[in-house]
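Everything below concerns the one structure shown next.
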Amino acid sequence: MKAVFFDMDGTLLPMDQDVFTREYFDALTKKMSAFGYEPKQLIDAIWKGTAAMVKNDGAKSNYDAFWETLCDIYGERIMNDVAHFDEFYNNEFVELKRFFGFDKRAGEIVKRLKDSGLKVVLASNPIFPAVAQMNRAKAAGVDADLFDCITSYENSHYCKPNPDYYREIFSRLGVSAEDCLMVGNDVDEDMIAREVGADVFLITGCVLNRNGKDIDAYPHGDFDSLSAYIDERKLTR
C-alpha cells in the first residue's frame with residue numbers, strides 16, 4: 001500500500017449533509033445578494049454548475065465547467081465577481097464549522113499514515129475551490145499540509161462517482177489502483193473506487209447509502225475500526 005485517500009464530508013468531517021447544504025446556501029446568498037444576485041436564481045445556477053461538474057468528461061477542468069455554466073446564465077459579468085465568491089470561502093464559509101461535528105481521531109489517523117511514509121490524499125468531491133477544501137480540513141482538525149494531493153475544482157476534471165476521478169489521482173501520484181485505499185462514508189461515491197481496483201473502507205458514522213446496498217460487502221466501521229484495519233494490513237510502522 002502506497003496511498004490512502006480520505007473523503008471529507010461525513011468522513012473526516014462529521015456532518016448532516018442536508019443541514020450543511022441549507023446553511024451553505026443561506027450564507028452564500030446573503031453574501032452575494034449585496035452584489036445583485038437574487039438568492040433563488042443563484043442557488044439554481046449553482047446547482048446547474050454543480051451538475052456540469054458531475055457530468056464533466058475530462059475535456060476541461062471542473063472550474064471551467066462550473067464557471068462556463070454560470071456565464072451562460074449571467075453572462076461574462078459574473079467573472080468579475082469571482083473574487084467575491086473566493087472571499088466567501090475564506091470568511092463566511094469558515095463560520096459554517098459550527099454546523100460540523102468533530103472527531104479528533106480523523107486528524108490522528110491521517111498523521112499516523114503520513115508519518116509512516118504513505119501518501120495521503122484529501123479525496124473530497126472536487127466541486128469546491130481549493131481554499132474551501134483546506135478550510136474544511138482545518139475544521140476537521142487535520143493539517144492540510146499533510147496531504148500529498150487535495151482534489152478541488154481547479155485541479156480536477158471529473159467528479160465522484162465517475163471512476164475516472166480516481167484514475168486521475170492515481171496518475172497524478174504515480175501509483176496503481178492496487179496500491180491505494182479509499183476511506184469514505186458514501187457507498188455510491190466512495191466505494192466505487194473498488195471497481196477500479198483500489199481497496200476501500202466505509203466509515204459508518206455518517207454513512208450515505210442512497211440505494212440500500214449491503215454494507216457488509218465492504219470493510220466498515222468507525223475510526224477505531226479503521227485503525228484496527230490499518231494494523232491488520234500492516235500499513236503503518
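Labels for the C-alpha cells follow display order: chains A, B, ..., residues from 1 in each chain, ligands from 1.
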
Non-local contacts of segment 139-143 of chain A (8 Å; only C-alpha atoms; under 5 positions in same chain excluded) as number ranges by chain = A: 12-13, 97, 100, 102-104, 106-108, 110

Give me, as JSON lines, the closest atom pair and its distance (Å, one decimal) for every residue of segment 64-142 of chain A within a cut-off of 12 Å of segment 161-168 of chain A, counting only C-alpha atoms, rows sorted by chain and rising number.
{"residue": "A:Val121", "atom": "CA", "partner": "A:Tyr166", "partner_atom": "CA", "distance": 10.9}
{"residue": "A:Leu122", "atom": "CA", "partner": "A:Tyr166", "partner_atom": "CA", "distance": 11.7}
{"residue": "A:Ala123", "atom": "CA", "partner": "A:Tyr166", "partner_atom": "CA", "distance": 8.6}
{"residue": "A:Ser124", "atom": "CA", "partner": "A:Tyr165", "partner_atom": "CA", "distance": 10.5}
{"residue": "A:Asn125", "atom": "CA", "partner": "A:Pro161", "partner_atom": "CA", "distance": 8.8}
{"residue": "A:Pro126", "atom": "CA", "partner": "A:Tyr165", "partner_atom": "CA", "distance": 9.1}
{"residue": "A:Ile127", "atom": "CA", "partner": "A:Tyr165", "partner_atom": "CA", "distance": 11.9}

Determine which residues of segment 6-237 of chain A receive a DSSP assignment of strand (DSSP E or B), computed from the backbone, and state them as a list in words.
-> Phe6, Asp9, Leu13, Lys119, Val120, Val121, Leu122, Cys149, Ile150, Cys180, Leu181, Met182, Val183, Gly184, Asp186, Asp199, Val200, Phe201, Leu202, Ile203, Leu208, His220 and Gly221 of chain A

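Close contacts of Ser61 of chain A, defined as residues with an atom at most 7 Å away when counting only C-alpha atoms, with chain neighbours fewer than 3 positions off set aside, comprise Gly58, Asp64, Ala65, Tyr153, Glu154, Asn155, Ser156 and His157 of chain A.
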
Could you save those same residues with N, CA and C atoms as a PDB file, in the first residue's frame?
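Saved to result_25.pdb:
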ATOM      1  N   GLY A  58     -13.827  15.204 -18.634  1.00  0.00           N
ATOM      2  CA  GLY A  58     -12.383  15.345 -18.656  1.00  0.00           C
ATOM      3  C   GLY A  58     -11.870  16.307 -19.700  1.00  0.00           C
ATOM      4  N   ASP A  64     -13.656  25.236 -15.018  1.00  0.00           N
ATOM      5  CA  ASP A  64     -14.184  25.750 -16.277  1.00  0.00           C
ATOM      6  C   ASP A  64     -15.617  25.284 -16.515  1.00  0.00           C
ATOM      7  N   ALA A  65     -15.898  24.024 -16.187  1.00  0.00           N
ATOM      8  CA  ALA A  65     -17.260  23.507 -16.368  1.00  0.00           C
ATOM      9  C   ALA A  65     -18.255  24.305 -15.534  1.00  0.00           C
ATOM     10  N   TYR A 153     -11.964  21.943  -7.485  1.00  0.00           N
ATOM     11  CA  TYR A 153     -12.469  22.139  -8.841  1.00  0.00           C
ATOM     12  C   TYR A 153     -11.427  22.750  -9.765  1.00  0.00           C
ATOM     13  N   GLU A 154     -10.364  23.331  -9.210  1.00  0.00           N
ATOM     14  CA  GLU A 154      -9.309  23.870 -10.062  1.00  0.00           C
ATOM     15  C   GLU A 154      -8.434  22.779 -10.682  1.00  0.00           C
ATOM     16  N   ASN A 155      -8.173  21.699  -9.933  1.00  0.00           N
ATOM     17  CA  ASN A 155      -7.190  20.719 -10.403  1.00  0.00           C
ATOM     18  C   ASN A 155      -7.795  19.387 -10.838  1.00  0.00           C
ATOM     19  N   SER A 156      -9.119  19.317 -10.917  1.00  0.00           N
ATOM     20  CA  SER A 156      -9.774  18.057 -11.252  1.00  0.00           C
ATOM     21  C   SER A 156     -10.620  18.201 -12.515  1.00  0.00           C
ATOM     22  N   HIS A 157     -10.780  17.081 -13.214  1.00  0.00           N
ATOM     23  CA  HIS A 157     -11.521  17.065 -14.479  1.00  0.00           C
ATOM     24  C   HIS A 157     -12.699  16.104 -14.435  1.00  0.00           C
TER      25      HIS A 157
END

Per DSSP on the backbone, filter chain A down to the residues in alpha helix (DSSP H) and report them as a ChimeraX atom specification.
-> /A:17-33,39-54,62-74,82-90,92-95,104-115,130-139,163-173,223-232
